[in-house]
file structure_1.txt (compact mmCIF, C-alpha atoms)
# COMPACT_ATOMS: atom_id res chain seq x y z
CA MET A 26 -35.63 31.27 19.32
CA THR A 27 -38.69 30.07 17.38
CA TYR A 28 -36.55 27.91 15.08
CA GLY A 29 -33.79 27.09 17.56
CA LEU A 30 -35.10 23.84 19.03
CA PRO A 31 -36.38 22.31 15.75
CA PHE A 32 -33.09 23.13 14.04
CA LEU A 33 -31.10 21.62 16.91
CA ALA A 34 -33.27 18.49 16.84
CA LEU A 35 -32.73 18.17 13.08
CA LEU A 36 -28.98 18.60 13.48
CA VAL A 37 -28.85 15.91 16.17
CA ALA A 38 -30.91 13.56 13.97
CA VAL A 39 -28.55 14.09 11.03
CA VAL A 40 -25.49 13.39 13.19
CA VAL A 41 -27.06 10.25 14.66
CA MET A 42 -28.06 8.99 11.21
CA ALA A 43 -24.59 9.66 9.83
CA ASN A 44 -23.04 7.68 12.70
CA VAL A 45 -25.46 4.79 12.14
CA LEU A 46 -24.66 4.67 8.42
CA ALA A 47 -20.93 4.84 9.11
CA ARG A 48 -21.22 1.95 11.58
CA ARG A 49 -23.16 -0.11 9.06
CA ARG A 50 -20.52 0.50 6.40
CA GLN A 51 -17.79 -0.53 8.83
CA ASP A 52 -19.68 -3.69 9.76
CA ALA A 53 -20.27 -4.57 6.11
CA ARG A 54 -16.60 -4.01 5.33
CA ARG A 55 -15.55 -6.22 8.22
CA ILE A 56 -17.82 -9.00 6.99
CA THR A 57 -16.33 -8.69 3.49
CA THR A 58 -12.74 -8.87 4.68
CA THR A 59 -13.47 -11.69 7.15
CA ASP A 60 -15.11 -13.77 4.42
CA PHE A 61 -12.10 -13.15 2.18
CA ALA A 62 -9.78 -14.22 5.00
CA ARG A 63 -11.64 -17.53 5.38
CA GLN A 64 -11.40 -18.19 1.65
CA ARG A 65 -7.64 -17.52 1.58
CA GLY A 66 -6.58 -19.04 4.88
CA LEU A 67 -5.76 -15.67 6.46
CA ALA A 68 -6.35 -14.74 10.09
CA PRO A 69 -8.42 -11.60 10.84
CA THR A 70 -6.94 -9.46 13.63
CA ALA A 71 -9.59 -6.69 13.61
CA ASP A 72 -8.11 -3.18 13.96
CA GLU A 73 -4.81 -4.11 15.57
CA ASN A 74 -1.84 -2.27 14.08
CA PRO A 75 0.58 -5.15 13.37
CA LEU A 76 3.51 -2.86 12.51
CA LEU A 77 3.33 -0.36 15.38
CA GLY A 78 6.89 0.34 16.53
CA ALA A 79 8.36 -2.08 13.98
CA TYR A 80 10.36 0.57 12.13
CA SER A 81 12.05 3.82 13.09
CA PRO A 82 11.41 6.69 10.66
CA LEU A 83 14.44 8.04 8.86
CA PRO A 84 15.63 11.54 9.76
CA PRO A 85 14.44 14.28 7.38
CA PRO A 86 16.84 14.83 4.48
CA PRO A 87 18.98 17.98 4.52
CA GLY A 88 18.52 20.76 2.01
CA VAL A 89 15.64 21.43 -0.33
CA GLY A 90 14.28 19.89 -3.51
CA VAL A 91 12.78 16.51 -4.32
CA ALA A 92 13.74 14.10 -1.54
CA ALA A 93 14.97 10.59 -2.21
CA PRO A 94 12.35 7.83 -1.86
CA ARG A 95 11.82 6.33 1.57
CA PRO A 96 9.49 3.61 2.95
CA ASP A 97 6.86 6.25 3.71
CA VAL A 98 3.87 3.92 4.16
CA LEU A 99 5.80 1.70 6.56
CA GLU A 100 7.06 4.74 8.44
CA ALA A 101 3.55 6.14 8.83
CA ILE A 102 1.93 2.89 10.00
CA ALA A 103 4.84 1.95 12.30
CA SER A 104 4.72 5.35 13.99
CA GLY A 105 0.98 5.04 14.61
CA ARG A 106 -0.10 7.80 12.22
CA GLY A 107 -3.42 7.31 10.51
CA THR A 108 -6.03 4.61 11.04
CA VAL A 109 -5.57 0.88 10.51
CA ARG A 110 -8.64 -1.35 10.18
CA ASN A 111 -9.62 -4.85 9.05
CA VAL A 112 -6.18 -6.40 9.31
CA LEU A 113 -5.62 -9.87 7.85
CA ARG A 114 -2.44 -11.84 8.46
CA GLY A 115 -1.12 -14.97 6.81
CA GLN A 116 1.47 -16.69 4.64
CA THR A 117 1.86 -16.83 0.85
CA ILE A 118 4.56 -18.20 -1.43
CA ALA A 119 6.17 -14.77 -1.05
CA GLY A 120 6.28 -15.17 2.75
CA GLU A 121 4.44 -13.25 5.47
CA VAL A 122 1.61 -11.03 4.25
CA LEU A 123 -0.64 -8.42 5.83
CA VAL A 124 -3.78 -7.04 4.18
CA LEU A 125 -5.24 -3.92 5.77
CA ASP A 126 -7.36 -0.85 5.21
CA TYR A 127 -5.32 2.24 5.99
CA ARG A 128 -6.32 5.88 6.15
CA MET A 129 -3.42 8.29 6.24
CA PRO A 130 -3.68 11.27 8.61
CA PRO A 131 -4.87 14.59 7.14
CA ASP A 132 -1.53 16.27 7.74
CA GLY A 133 -1.18 17.97 4.37
CA ASP A 134 1.64 15.70 3.23
CA ARG A 135 2.44 14.92 -0.39
CA HIS A 136 0.37 11.72 -0.46
CA ALA A 137 -3.09 13.30 -0.51
CA ASN A 138 -3.96 11.30 -3.64
CA ARG A 139 -3.72 8.04 -1.71
CA ARG A 140 -5.27 9.15 1.55
CA PHE A 141 -7.22 5.90 1.92
CA GLY A 142 -6.55 2.50 0.46
CA THR A 143 -6.35 -1.23 0.97
CA TRP A 144 -2.72 -2.29 1.19
CA ALA A 145 -1.14 -5.71 0.82
CA ALA A 146 2.18 -5.78 2.67
CA PHE A 147 4.72 -8.54 2.03
CA ARG A 148 7.83 -9.13 4.11
CA VAL A 149 10.80 -9.27 1.74
CA ALA A 150 14.22 -9.39 3.39
CA GLY A 151 16.71 -6.82 2.18
CA VAL A 152 14.39 -5.21 -0.36
CA PRO A 153 15.84 -1.88 -1.52
CA THR A 154 13.89 1.31 -0.94
CA PHE A 155 11.86 2.33 -3.97
CA GLN A 156 8.53 3.73 -5.08
CA LEU A 157 6.68 2.59 -8.18
CA PHE A 158 3.58 4.27 -9.61
CA ARG A 159 1.93 5.14 -12.91
CA ARG A 160 4.24 7.36 -14.90
CA PRO A 161 2.97 10.95 -14.74
CA ARG A 162 2.75 13.15 -17.80
CA PHE A 163 4.60 15.93 -16.04
CA ALA A 164 7.22 15.31 -13.35
CA ILE A 165 9.27 18.49 -13.10
CA GLY A 166 12.29 18.01 -10.87
CA MET A 167 11.73 14.28 -10.35
CA LYS A 168 14.40 11.76 -11.30
CA PHE A 169 13.31 8.26 -12.28
CA THR A 170 15.38 5.09 -12.32
CA LYS A 171 15.74 3.73 -15.84
CA LEU A 172 15.85 0.00 -16.51
CA ASP A 173 17.75 -1.08 -19.61
CA GLY A 174 15.91 -3.39 -21.96
CA ALA A 175 12.45 -2.67 -20.49
CA PRO A 176 10.87 0.05 -22.65
CA GLY A 177 7.31 -1.12 -21.95
CA PHE A 178 7.90 -0.97 -18.21
CA SER A 179 9.41 2.53 -18.43
CA ARG A 180 6.53 3.85 -20.52
CA ARG A 181 3.96 2.61 -18.02
CA PHE A 182 5.66 3.06 -14.66
CA ALA A 183 7.77 5.61 -12.85
CA LEU A 184 10.38 4.02 -10.61
CA ARG A 185 12.14 6.09 -7.97
CA ALA A 186 14.94 4.61 -5.88
CA ALA A 187 17.21 5.64 -3.05
CA ASP A 188 19.95 3.52 -4.66
CA ASP A 189 19.60 3.28 -8.44
CA ASP A 190 22.19 0.54 -8.88
CA GLY A 191 20.77 -1.55 -6.04
CA VAL A 192 17.26 -1.37 -7.48
CA ARG A 193 18.47 -2.20 -10.99
CA ARG A 194 20.13 -5.33 -9.64
CA ARG A 195 16.97 -6.33 -7.79
CA PHE A 196 14.65 -5.64 -10.73
CA THR A 197 15.41 -8.87 -12.56
CA PRO A 198 13.46 -9.86 -15.70
CA ALA A 199 11.11 -11.81 -13.39
CA VAL A 200 10.38 -8.69 -11.31
CA ILE A 201 9.84 -6.57 -14.42
CA ALA A 202 7.48 -9.20 -15.86
CA ALA A 203 5.51 -9.36 -12.59
CA CYS A 204 5.13 -5.57 -12.59
CA GLU A 205 4.09 -5.50 -16.25
CA ALA A 206 1.46 -8.16 -15.44
CA LEU A 207 -0.25 -5.89 -12.89
CA PRO A 208 -3.80 -5.27 -14.18
CA GLU A 209 -3.62 -2.11 -16.28
CA HIS A 210 -7.01 -0.72 -15.26
CA LYS A 211 -5.78 -0.23 -11.68
CA GLU A 212 -3.78 2.69 -10.28
CA TRP A 213 -0.98 0.57 -8.82
CA GLN A 214 1.42 2.04 -6.30
CA LEU A 215 4.26 0.17 -4.58
CA SER A 216 6.33 1.38 -1.67
CA ALA A 217 9.29 -0.72 -0.52
CA GLY A 218 11.95 -0.60 2.15
CA GLY A 219 12.59 -1.76 5.69
CA ASP A 220 12.09 -5.41 4.62
CA TRP A 221 8.51 -4.74 3.45
CA VAL A 222 6.81 -4.23 0.09
CA PHE A 223 3.45 -2.43 0.17
CA ALA A 224 1.07 -2.58 -2.81
CA THR A 225 -2.23 -0.81 -3.41
CA PHE A 226 -4.54 0.56 -6.10
CA GLY A 227 -6.90 2.30 -3.68
CA ARG A 228 -9.80 0.65 -1.90
CA ALA A 229 -10.17 -3.03 -2.77
CA ASP A 230 -13.71 -4.38 -2.53
CA GLY A 231 -15.03 -7.87 -3.17
CA CYS A 232 -13.03 -9.74 -5.80
CA ASP A 233 -10.55 -6.85 -5.95
CA LEU A 234 -9.13 -8.11 -2.66
CA GLY A 235 -8.01 -11.23 -4.51
CA VAL A 236 -6.57 -9.13 -7.36
CA LEU A 237 -4.55 -7.08 -4.87
CA LEU A 238 -3.25 -10.10 -2.97
CA ASP A 239 -2.42 -12.27 -5.99
CA ALA A 240 -0.80 -9.59 -8.16
CA GLY A 241 1.10 -8.12 -5.23
CA GLU A 242 2.27 -11.59 -4.23
CA ARG A 243 3.77 -12.20 -7.68
CA VAL A 244 5.79 -8.98 -7.49
CA ALA A 245 6.91 -9.62 -3.90
CA SER A 246 7.89 -13.21 -4.69
CA ALA A 247 9.99 -12.09 -7.64
CA LEU A 248 11.64 -9.37 -5.54
CA GLY A 249 12.44 -11.92 -2.84
CA ALA A 250 13.93 -14.49 -5.21
CA PRO A 251 17.53 -13.14 -5.07
CA SER A 252 17.59 -13.19 -1.26
CA ARG A 253 16.08 -16.68 -1.11
CA SER A 254 18.59 -18.09 -3.59
CA SER A 255 21.49 -16.69 -1.56
CA ARG A 256 20.60 -18.58 1.62
CA PRO A 257 23.19 -21.18 2.74
CA ASP A 258 20.62 -23.97 2.87
CA ASP A 259 19.33 -23.31 -0.65
CA PRO A 260 19.95 -26.43 -2.75
CA SER A 261 20.71 -24.40 -5.84
call {"tool": "encode", "arguments": {"input": "structure_1.txt", "output": "structure tokens"}}
result
Amino acid sequence: MTYGLPFLALLVAVVVMANVLARRRQDARRITTTDFARQRGLAPTADENPLLGAYSPLPPPPGVGVAAPRPDVLEAIASGRGTVRNVLRGQTIAGEVLVLDYRMPPDGDRHANRRFGTWAAFRVAGVPTFQLFRRPRFAIGMKFTKLDGAPGFSRRFALRAADDDGVRRRFTPAVIAACEALPEHKEWQLSAGGDWVFATFGRADGCDLGVLLDAGERVASALGAPSRSSRPDDPS
């Protein structure tokens, strides 16, 4: 009893201080992203989830083993799982873009290594479902899509696709070049499907927001080139 009240007071003080520091970090982050939005002509929409209900998750695959890739990031955000903050919306040469901070829910899923990150999401009509990430040293049981004539790409990246042939057709030399131009000191991860391409390398602070947007835009624009050229009103 002698130490009960002082200990409780100390605990309350620690909790209050932690909340104050967390709020300050959130405010500083919001200022950073809002300033970036002004510089790039994007519109801040605070913590609104712009993709809520925009996509229905696929049913779980039957059987056991390594499942085929799916638009997992889109599925999670569209179903309201996790936390979305600091959303920016706008247009680039690749089309509609969203930039957002996203924290995945602590549900023990296989994406624990990317629990939190800043994502740039580009709307790309008809993009095939795939995942792209740094090629791991060991990938027992995983099957990667091989691209002919791109040895440098295959040494650096692992590409997993739901439809190998469809992804090979979409990964034109321009797409491969855009991927190879991604800054090498970043842990790039791309998730595509459901007419969206998501790109991240973790949390993007300061000038890294521009790196994420610009490099992701080049990949998304190259991926969207086949669909744009097939439009009836395209002069080519």
call {"tool": "residues_around", "arguments": {"input": "structure_1.txt", "residues": "Arg185 of chain A", "least_positions_apart": "4", "cutoff": "10 Å", "atoms": "all atoms listed in the file", "output": "PyMOL selection string"}}
result
chain A and resi 93-95+154-158+167-171+189+192+216
call {"tool": "closest_residue", "arguments": {"input": "structure_1.txt", "among": "A:Leu237, A:Ala250, A:Ala68, A:Leu172", "to": "Ala150 of chain A", "atoms": "only C-alpha atoms"}}
result
A:Ala250
call {"tool": "residues_near_point", "arguments": {"input": "structure_1.txt", "point": "(4.4, 1.1, 11.9)", "cutoff": "12 Å", "atoms": "all atoms listed in the file", "output": "list in words"}}
result
Glu73, Asn74, Pro75, Leu76, Leu77, Gly78, Ala79, Tyr80, Ser81, Pro82, Pro96, Asp97, Val98, Leu99, Glu100, Ala101, Ile102, Ala103, Ser104, Gly105, Arg106, Gly107, Thr108, Val109, Tyr127, Ala146, Gly219 and Trp221 of chain A
call {"tool": "residues_around", "arguments": {"input": "structure_1.txt", "residues": "Gly142 of chain A", "least_positions_apart": "2", "cutoff": "12 Å", "atoms": "all atoms listed in the file", "output": "MDAnalysis selection string"}}
result
chainID A and resid 98 107:111 124:129 136:140 144:145 212:214 223:230 234 237
call {"tool": "closest_residue", "arguments": {"input": "structure_1.txt", "among": "A:Ser246, A:Gln64, A:Ser179, A:Thr117", "to": "Val200 of chain A", "atoms": "only C-alpha atoms"}}
result
A:Ser246
call {"tool": "closest_residue", "arguments": {"input": "structure_1.txt", "among": "A:Ala217, A:Ala53, A:Ala71, A:Ala187", "to": "Val244 of chain A", "atoms": "only C-alpha atoms"}}
result
A:Ala217
call {"tool": "closest_residue", "arguments": {"input": "structure_1.txt", "among": "A:Leu113, A:Ala186, A:Ala202, A:Val149", "to": "Thr58 of chain A", "atoms": "only C-alpha atoms"}}
result
A:Leu113
call {"tool": "atom_distance", "arguments": {"input": "structure_1.txt", "atom1": "atom CA of Asp220 of chain A", "atom2": "atom CA of Arg148 of chain A"}}
result
5.7 Å
call {"tool": "closest_residue", "arguments": {"input": "structure_1.txt", "among": "A:Leu184, A:Ala175, A:Ala199, A:Leu83", "to": "Arg243 of chain A", "atoms": "all atoms listed in the file"}}
result
A:Ala199
